[in-house]
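Student: What follows is entry_25.txt, compact mmCIF, C-alpha atoms.
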```txt
# COMPACT_ATOMS: atom_id res chain seq x y z
CA MET A 1 13.70 10.72 -3.55
CA SER A 2 13.98 7.29 -5.11
CA GLU A 3 15.00 5.55 -1.91
CA HIS A 4 12.37 3.26 -0.52
CA THR A 5 11.83 4.24 3.03
CA SER A 6 9.14 2.66 5.07
CA ARG A 7 6.96 5.34 6.61
CA THR A 8 3.61 3.70 6.48
CA SER A 9 2.44 4.86 9.90
CA SER A 10 4.25 8.16 10.46
CA GLN A 11 2.50 10.37 7.91
CA PRO A 12 0.10 12.84 9.49
CA SER A 13 -1.68 13.78 6.25
CA SER A 14 -3.45 10.46 5.67
CA ASP A 15 -4.31 7.32 7.57
CA PRO A 16 -2.52 4.08 6.78
CA ALA A 17 -4.48 2.18 4.16
CA ASP A 18 -5.76 -1.34 4.66
CA PRO A 19 -2.73 -3.67 4.48
CA ALA A 20 -4.75 -6.35 2.69
CA GLY A 21 -5.70 -3.84 -0.01
CA ILE A 22 -2.09 -2.74 -0.44
CA GLU A 23 -1.03 -6.38 -0.67
CA ALA A 24 -3.63 -7.01 -3.41
CA VAL A 25 -2.13 -4.16 -5.47
CA ARG A 26 1.41 -5.40 -4.85
CA GLU A 27 0.41 -8.93 -5.86
CA LEU A 28 -1.07 -7.66 -9.14
CA VAL A 29 2.22 -5.93 -10.02
CA GLU A 30 4.22 -8.99 -8.96
CA GLY A 31 1.99 -11.27 -11.03
CA VAL A 32 2.39 -9.06 -14.11
CA ALA A 33 6.17 -9.00 -13.66
CA ARG A 34 6.21 -12.81 -13.43
CA CYS A 35 4.19 -13.09 -16.65
CA LEU A 36 6.90 -11.01 -18.33
CA GLY A 37 9.63 -13.33 -17.04
CA ILE A 38 10.77 -10.86 -14.39
CA ASP A 39 11.53 -12.71 -11.16
CA GLU A 40 12.50 -9.72 -9.02
CA ALA A 41 11.31 -8.34 -5.69
CA VAL A 42 8.26 -6.06 -5.73
CA THR A 43 7.89 -3.65 -2.82
CA ALA A 44 4.93 -1.59 -1.62
CA ASP A 45 5.41 1.61 0.31
CA GLN A 46 2.81 4.15 1.39
CA ARG A 47 4.14 7.70 1.28
CA SER A 48 1.61 10.26 2.45
CA ASP A 49 -1.32 9.96 0.01
CA GLU A 50 0.64 7.89 -2.53
CA LEU A 51 1.21 4.16 -2.78
CA HIS A 52 4.54 3.38 -4.45
CA ILE A 53 4.88 -0.08 -5.92
CA ALA A 54 8.43 -0.69 -7.14
CA VAL A 55 9.82 -3.56 -9.20
CA GLN A 56 13.51 -3.97 -8.39
CA GLY A 57 16.23 -5.25 -10.65
CA GLU A 58 17.61 -4.59 -14.08
CA ASP A 59 16.60 -5.26 -17.64
CA LEU A 60 12.97 -4.33 -17.10
CA GLY A 61 12.45 -2.87 -20.57
CA LEU A 62 9.56 -5.21 -21.36
CA LEU A 63 7.73 -4.00 -18.23
CA ILE A 64 8.34 -0.34 -19.08
CA GLY A 65 7.48 -0.53 -22.77
CA ARG A 66 7.84 2.08 -25.49
CA HIS A 67 7.51 5.57 -24.01
CA GLY A 68 6.58 3.87 -20.72
CA GLN A 69 3.24 2.70 -22.12
CA THR A 70 3.29 -0.74 -20.51
CA LEU A 71 4.19 0.66 -17.09
CA GLU A 72 1.41 3.24 -17.49
CA ALA A 73 -1.13 0.51 -18.34
CA LEU A 74 -0.07 -1.48 -15.28
CA GLN A 75 -0.36 1.63 -13.13
CA HIS A 76 -3.93 2.18 -14.34
CA LEU A 77 -4.90 -1.40 -13.44
CA ALA A 78 -3.13 -1.14 -10.08
CA GLN A 79 -5.09 2.03 -9.36
CA ARG A 80 -8.35 0.24 -10.19
CA VAL A 81 -7.51 -2.64 -7.86
CA ALA A 82 -6.57 -0.18 -5.10
CA LEU A 83 -9.91 1.64 -5.37
CA ASP A 84 -11.77 -1.69 -5.38
CA HIS A 85 -10.12 -2.36 -2.00
CA GLU A 86 -10.98 1.10 -0.66
CA VAL A 87 -7.33 2.10 -0.82
CA ARG A 88 -7.77 5.80 -1.63
CA LEU A 89 -4.18 6.56 -2.52
CA ARG A 90 -2.64 7.62 -5.81
CA VAL A 91 -0.84 4.50 -7.03
CA ILE A 92 2.57 4.89 -8.67
CA VAL A 93 4.20 1.85 -10.24
CA ASP A 94 7.93 2.11 -10.84
CA ALA A 95 10.56 -0.11 -12.45
CA GLU A 96 14.30 0.20 -11.89
CA GLY A 97 13.98 3.89 -11.01
CA TYR A 98 12.31 4.71 -14.34
CA ARG A 99 9.97 7.34 -12.83
CA GLU A 100 12.83 9.27 -11.26
CA ARG A 101 14.83 9.24 -14.50
CA ARG A 102 11.80 10.43 -16.46
CA ARG A 103 11.07 13.12 -13.88
CA GLU A 104 14.58 14.50 -14.23
CA ALA A 105 14.36 14.43 -18.02
CA ILE A 106 10.95 16.15 -17.94
CA GLU A 107 12.13 18.84 -15.51
CA ALA A 108 15.07 19.63 -17.79
CA GLN A 109 12.76 19.74 -20.81
CA VAL A 110 10.26 22.03 -19.06
CA HIS A 111 12.95 24.50 -18.01
CA ARG A 112 14.37 24.56 -21.53
CA LEU A 113 11.00 25.05 -23.20
CA VAL A 114 9.77 27.68 -20.72
CA ALA A 115 12.83 29.75 -21.67
CA ARG A 116 12.15 29.19 -25.36
CA ALA A 117 8.44 30.01 -25.10
CA LEU A 118 9.23 33.30 -23.34
CA GLN A 119 12.11 34.19 -25.65
CA ARG A 120 10.12 33.54 -28.86
CA ASP A 121 6.84 34.64 -27.29
CA GLU A 122 5.02 31.64 -28.78
CA PRO A 123 3.57 28.23 -27.72
CA THR A 124 6.20 25.49 -27.60
CA ALA A 125 5.35 21.78 -27.69
CA LEU A 126 6.98 19.10 -25.55
CA GLU A 127 7.47 15.50 -26.72
CA PRO A 128 4.50 13.11 -26.43
CA MET A 129 4.03 11.89 -22.86
CA THR A 130 1.73 9.70 -20.83
CA SER A 131 -1.11 11.34 -18.90
CA SER A 132 0.68 11.19 -15.54
CA GLU A 133 3.79 12.74 -17.08
CA ARG A 134 1.71 15.54 -18.64
CA ARG A 135 0.07 16.14 -15.26
CA TYR A 136 3.54 16.56 -13.79
CA VAL A 137 4.39 19.13 -16.50
CA HIS A 138 1.22 21.11 -15.74
CA GLU A 139 1.96 21.04 -11.99
CA MET A 140 5.48 22.35 -12.64
CA VAL A 141 4.37 25.09 -15.03
CA ARG A 142 1.67 26.27 -12.62
CA ASP A 143 4.45 27.46 -10.30
CA ILE A 144 6.31 29.42 -13.00
CA ASP A 145 5.37 33.06 -13.66
CA GLY A 146 4.59 34.26 -17.16
CA VAL A 147 3.70 30.92 -18.75
CA GLY A 148 0.81 28.46 -18.80
CA SER A 149 0.40 24.96 -20.19
CA TYR A 150 -2.17 22.80 -21.89
CA SER A 151 -2.29 19.51 -23.82
CA GLU A 152 -3.08 18.83 -27.44
CA GLY A 153 -3.12 15.86 -29.82
CA VAL A 154 -4.48 12.35 -29.47
CA GLU A 155 -2.92 9.42 -27.56
CA PRO A 156 -0.25 8.14 -27.92
CA ASP A 157 0.94 11.42 -29.47
CA ARG A 158 -0.80 13.70 -26.96
CA HIS A 159 1.69 16.22 -25.63
CA ALA A 160 1.92 19.22 -23.33
CA VAL A 161 2.40 22.73 -24.74
CA ILE A 162 4.00 25.58 -22.80
CA ALA A 163 2.94 29.10 -23.85
CA PRO A 164 3.25 32.67 -22.62
CA THR A 165 0.25 33.29 -20.35
CA ASP A 166 -1.53 35.54 -22.88
CA LYS A 167 -1.15 32.92 -25.62
CA VAL A 168 -2.82 30.03 -23.78
CA PRO A 169 -6.09 29.35 -25.69
CA ALA A 170 -9.18 30.04 -23.58
CA ASP A 171 -10.62 26.62 -24.45
CA ALA A 172 -7.39 24.68 -23.90
CA SER A 173 -7.57 21.52 -21.82
CA GLN A 174 -4.89 19.87 -19.78
CA MET B 1 -1.31 -26.84 -26.02
CA SER B 2 -1.18 -23.08 -26.12
CA ASP B 3 0.61 -20.96 -28.70
CA ALA B 4 0.27 -17.93 -26.47
CA ALA B 5 0.92 -19.24 -22.96
CA ALA B 6 2.53 -16.07 -21.60
CA ALA B 7 -0.16 -13.82 -23.09
CA ARG B 8 -2.88 -16.05 -21.74
CA ALA B 9 -1.34 -16.13 -18.25
CA MET B 10 -1.08 -12.33 -18.35
CA LEU B 11 -4.72 -11.92 -19.36
CA GLU B 12 -5.84 -14.09 -16.48
CA THR B 13 -3.48 -12.35 -14.02
CA VAL B 14 -4.75 -8.85 -14.79
CA VAL B 15 -8.46 -9.63 -15.19
CA LYS B 16 -8.86 -11.74 -12.05
CA PRO B 17 -8.40 -8.95 -9.50
CA LEU B 18 -10.70 -6.63 -11.47
CA VAL B 19 -13.80 -8.78 -11.44
CA GLY B 20 -16.38 -9.77 -8.86
CA HIS B 21 -16.75 -13.30 -10.25
CA PRO B 22 -13.25 -14.68 -10.98
CA ASP B 23 -14.66 -18.22 -11.36
CA ALA B 24 -16.62 -17.09 -14.41
CA ILE B 25 -13.52 -15.99 -16.35
CA GLU B 26 -13.15 -18.03 -19.53
CA ILE B 27 -10.35 -17.60 -22.02
CA THR B 28 -10.42 -19.43 -25.33
CA GLU B 29 -7.70 -19.31 -27.92
CA GLU B 30 -8.52 -18.91 -31.62
CA PRO B 31 -6.20 -18.56 -34.58
CA GLY B 32 -6.16 -15.03 -35.96
CA GLY B 33 -6.52 -14.12 -39.61
CA ASP B 34 -2.80 -13.69 -40.18
CA GLU B 35 -0.15 -16.27 -39.57
CA GLY B 36 1.41 -15.85 -36.14
CA THR B 37 -1.64 -14.04 -34.80
CA VAL B 38 -3.65 -15.48 -31.94
CA VAL B 39 -6.97 -14.17 -30.66
CA LEU B 40 -7.77 -14.62 -26.98
CA GLU B 41 -11.51 -14.52 -26.44
CA LEU B 42 -12.38 -13.36 -22.95
CA SER B 43 -15.76 -14.19 -21.50
CA LEU B 44 -16.95 -12.98 -18.08
CA ASP B 45 -19.89 -12.92 -15.74
CA PRO B 46 -22.33 -10.38 -17.28
CA ALA B 47 -21.93 -8.13 -14.22
CA ASP B 48 -18.17 -7.83 -14.78
CA TYR B 49 -17.90 -6.53 -18.36
CA GLY B 50 -18.19 -2.89 -17.33
CA ARG B 51 -15.41 -3.29 -14.78
CA VAL B 52 -12.99 -4.81 -17.27
CA ILE B 53 -13.81 -2.38 -20.08
CA GLY B 54 -13.71 0.74 -17.90
CA ARG B 55 -14.61 4.33 -18.63
CA GLY B 56 -14.07 5.01 -22.31
CA GLY B 57 -12.52 1.55 -22.70
CA ARG B 58 -9.45 2.69 -20.80
CA THR B 59 -9.17 -0.39 -18.62
CA ALA B 60 -9.62 -2.72 -21.62
CA ASN B 61 -6.85 -0.83 -23.41
CA ALA B 62 -4.55 -1.25 -20.40
CA VAL B 63 -5.33 -4.99 -20.32
CA ARG B 64 -4.52 -5.26 -24.06
CA GLN B 65 -1.25 -3.35 -23.63
CA LEU B 66 -0.06 -5.79 -20.95
CA VAL B 67 -1.13 -8.83 -22.99
CA ARG B 68 0.80 -7.44 -25.99
CA ALA B 69 3.91 -7.11 -23.80
CA ALA B 70 3.61 -10.72 -22.63
CA ALA B 71 2.98 -11.90 -26.21
CA VAL B 72 6.52 -10.79 -27.08
CA ARG B 73 7.66 -13.82 -25.07
CA ASP B 74 5.37 -16.08 -27.09
CA GLY B 75 6.72 -14.68 -30.35
CA ARG B 76 3.11 -14.05 -31.38
CA ARG B 77 0.86 -11.14 -32.12
CA VAL B 78 -2.00 -11.55 -29.68
CA LEU B 79 -5.36 -9.79 -29.83
CA VAL B 80 -7.87 -9.75 -26.99
CA ASP B 81 -11.53 -10.02 -27.92
CA ILE B 82 -13.91 -9.26 -25.06
CA VAL B 83 -17.02 -11.26 -26.01
CA GLN B 84 -20.23 -10.03 -24.45
```
Once more with this new file: its structure as structure tokens, please.

Tutor:
Amino acid sequence: MSEHTSRTSSQPSSDPADPAGIEAVRELVEGVARCLGIDEAVTADQRSDELHIAVQGEDLGLLIGRHGQTLEALQHLAQRVALDHEVRLRVIVDAEGYRERRREAIEAQVHRLVARALQRDEPTALEPMTSSERRYVHEMVRDIDGVGSYSEGVEPDRHAVIAPTDKVPADASQ
Amino acid sequence: MSDAAAARAMLETVVKPLVGHPDAIEITEEPGGDEGTVVLELSLDPADYGRVIGRGGRTANAVRQLVRAAAVRDGRRVLVDIVQ
């Protein structure tokens, strides 16, 4: 799913967003990359209700940051710029396939910890993650029988917890 | 002469598209308390502070995170002070 296909106009579920708005978001990401000394191509690609902005190339560690914090900050700003331009898409900023690698790592971790939570019949904490990564955990767990998930802790240590359904606190938040 | 050229360029790059009055953006550079620390003071049109700070300060935190990343290239610790 990491290939960048251009399907701006063929998605039935949402209208193509304003090209000028998309370009403003792309330019923000490109400008940030340049400020970090990264002189690589930056592509924008609308997929259904998501806008994927991808920085190509290698050695993008400075753009990603520790635990992906810098990429997450950039994604937040890109989302703000998109909304300012009436681009009502969920903006995803990626660097050298980082999102896909994280997604695979998170999926493996969720499967492992679901098994552990059920086997030990107790809540099991995942590693600290960014808010969009935690959202992905909650979406995954929602489709698995017998367990629920919530988040606890304070940024940057906030993390998802997977628990048997009857052990999810009533006041838990995601 | 700027001690924090990359950080300063980053601050301008990320704030400009967020505000309604880009011409009113002013960035001044002050020495921080510790050696190697630089404070970038950001001043905006009064109507734009809310947009740059964001709900719960989330946008301001994102701006600071990106400026910190750029400051690595300057070899400086850079703080952003949003002066109202």

Student: For each of A:Leu83, A:Leu74, A:Ile106, A:Leu62, take the minimum atom-to-atom distance to Ala60 (chain B), counting only C-alpha atoms, then give the residue where this is smallest.

Tutor: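 Distance minimum relative to Ala60 (chain B) lands on A:Leu74.
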
Student: Which residues of region 56-112 of chain A have any atom within 12 Å of an atom in region 12-35 of chain A when counting all atoms listed in the file, and what is the closest pair of atoms for each, with the distance in Å to one decimal? Order the rows by chain and rising number and write it as JSON lines.

Tutor:
```
{"residue": "A:Gln56", "atom": "CA", "partner": "A:Ala33", "partner_atom": "CA", "distance": 10.3}
{"residue": "A:Gly57", "atom": "CA", "partner": "A:Ala33", "partner_atom": "CA", "distance": 11.2}
{"residue": "A:Asp59", "atom": "CA", "partner": "A:Ala33", "partner_atom": "CA", "distance": 11.8}
{"residue": "A:Leu60", "atom": "CA", "partner": "A:Ala33", "partner_atom": "CA", "distance": 8.9}
{"residue": "A:Gly61", "atom": "CA", "partner": "A:Ala33", "partner_atom": "CA", "distance": 11.2}
{"residue": "A:Leu62", "atom": "CA", "partner": "A:Ala33", "partner_atom": "CA", "distance": 9.2}
{"residue": "A:Leu63", "atom": "CA", "partner": "A:Ala33", "partner_atom": "CA", "distance": 7.0}
{"residue": "A:Ile64", "atom": "CA", "partner": "A:Ala33", "partner_atom": "CA", "distance": 10.4}
{"residue": "A:Thr70", "atom": "CA", "partner": "A:Val32", "partner_atom": "CA", "distance": 10.5}
{"residue": "A:Leu71", "atom": "CA", "partner": "A:Val29", "partner_atom": "CA", "distance": 9.9}
{"residue": "A:Glu72", "atom": "CA", "partner": "A:Val29", "partner_atom": "CA", "distance": 11.9}
{"residue": "A:Ala73", "atom": "CA", "partner": "A:Val32", "partner_atom": "CA", "distance": 11.0}
{"residue": "A:Leu74", "atom": "CA", "partner": "A:Val29", "partner_atom": "CA", "distance": 7.3}
{"residue": "A:Gln75", "atom": "CA", "partner": "A:Val29", "partner_atom": "CA", "distance": 8.6}
{"residue": "A:His76", "atom": "CA", "partner": "A:Val25", "partner_atom": "CA", "distance": 11.1}
{"residue": "A:Leu77", "atom": "CA", "partner": "A:Leu28", "partner_atom": "CA", "distance": 8.5}
{"residue": "A:Ala78", "atom": "CA", "partner": "A:Val25", "partner_atom": "CA", "distance": 5.6}
{"residue": "A:Gln79", "atom": "CA", "partner": "A:Val25", "partner_atom": "CA", "distance": 7.9}
{"residue": "A:Arg80", "atom": "CA", "partner": "A:Val25", "partner_atom": "CA", "distance": 9.0}
{"residue": "A:Val81", "atom": "CA", "partner": "A:Val25", "partner_atom": "CA", "distance": 6.1}
{"residue": "A:Ala82", "atom": "CA", "partner": "A:Val25", "partner_atom": "CA", "distance": 6.0}
{"residue": "A:Leu83", "atom": "CA", "partner": "A:Gly21", "partner_atom": "CA", "distance": 8.7}
{"residue": "A:Asp84", "atom": "CA", "partner": "A:Gly21", "partner_atom": "CA", "distance": 8.4}
{"residue": "A:His85", "atom": "CA", "partner": "A:Gly21", "partner_atom": "CA", "distance": 5.1}
{"residue": "A:Glu86", "atom": "CA", "partner": "A:Gly21", "partner_atom": "CA", "distance": 7.3}
{"residue": "A:Val87", "atom": "CA", "partner": "A:Ala17", "partner_atom": "CA", "distance": 5.7}
{"residue": "A:Arg88", "atom": "CA", "partner": "A:Ala17", "partner_atom": "CA", "distance": 7.6}
{"residue": "A:Leu89", "atom": "CA", "partner": "A:Ala17", "partner_atom": "CA", "distance": 8.0}
{"residue": "A:Arg90", "atom": "CA", "partner": "A:Ala17", "partner_atom": "CA", "distance": 11.5}
{"residue": "A:Val91", "atom": "CA", "partner": "A:Val25", "partner_atom": "CA", "distance": 8.9}
{"residue": "A:Ile92", "atom": "CA", "partner": "A:Val25", "partner_atom": "CA", "distance": 10.7}
{"residue": "A:Val93", "atom": "CA", "partner": "A:Val29", "partner_atom": "CA", "distance": 8.0}
{"residue": "A:Asp94", "atom": "CA", "partner": "A:Val29", "partner_atom": "CA", "distance": 9.9}
{"residue": "A:Ala95", "atom": "CA", "partner": "A:Ala33", "partner_atom": "CA", "distance": 10.0}
```

Student: How would you write as a ChimeraX atom specification the residues that get within 12 Å of (4.4, 23.6, -19.2) in the file's frame, counting only C-alpha atoms?

Tutor: /A:106-118,123-127,133-151,159-165,168,174

Student: If we count all atoms listed in the file, what is near Asp48 (chain B) at a cut-off of 10 Å, once residues fewer than 6 positions away on the same chain are taken out, given as JSON, numbers by chain?

Tutor: {"B": [15, 18, 19, 20, 21, 22, 24, 25]}

Student: Mind running chain B against chain A at 7 Å and telling me each contacting residue's nearest atom pair with the distance in Å (one decimal), counting only C-alpha atoms, chain and number ascending, as CSV?

Tutor:
```
residue,atom,partner,partner_atom,distance
B:Ala6,CA,A:Cys35,CA,6.0
B:Ala9,CA,A:Cys35,CA,6.5
B:Met10,CA,A:Cys35,CA,5.6
B:Thr13,CA,A:Gly31,CA,6.3
B:Val14,CA,A:Leu28,CA,6.8
B:Pro17,CA,A:Val81,CA,6.6
B:Leu18,CA,A:Val81,CA,6.3
B:Thr59,CA,A:Leu77,CA,6.8
B:Ala62,CA,A:Ala73,CA,4.4
B:Gln65,CA,A:Thr70,CA,6.1
B:Leu66,CA,A:Thr70,CA,6.1
B:Ala69,CA,A:Leu62,CA,6.4
B:Ala70,CA,A:Leu36,CA,5.4
```

Student: Report the distance between CA of Leu51 (chain A) and CA of Glu12 (chain B) in Å, rounded to one decimal place.

Tutor: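 Answer for the CA of Leu51 (chain A) to CA of Glu12 (chain B) separation: 23.9 Å.
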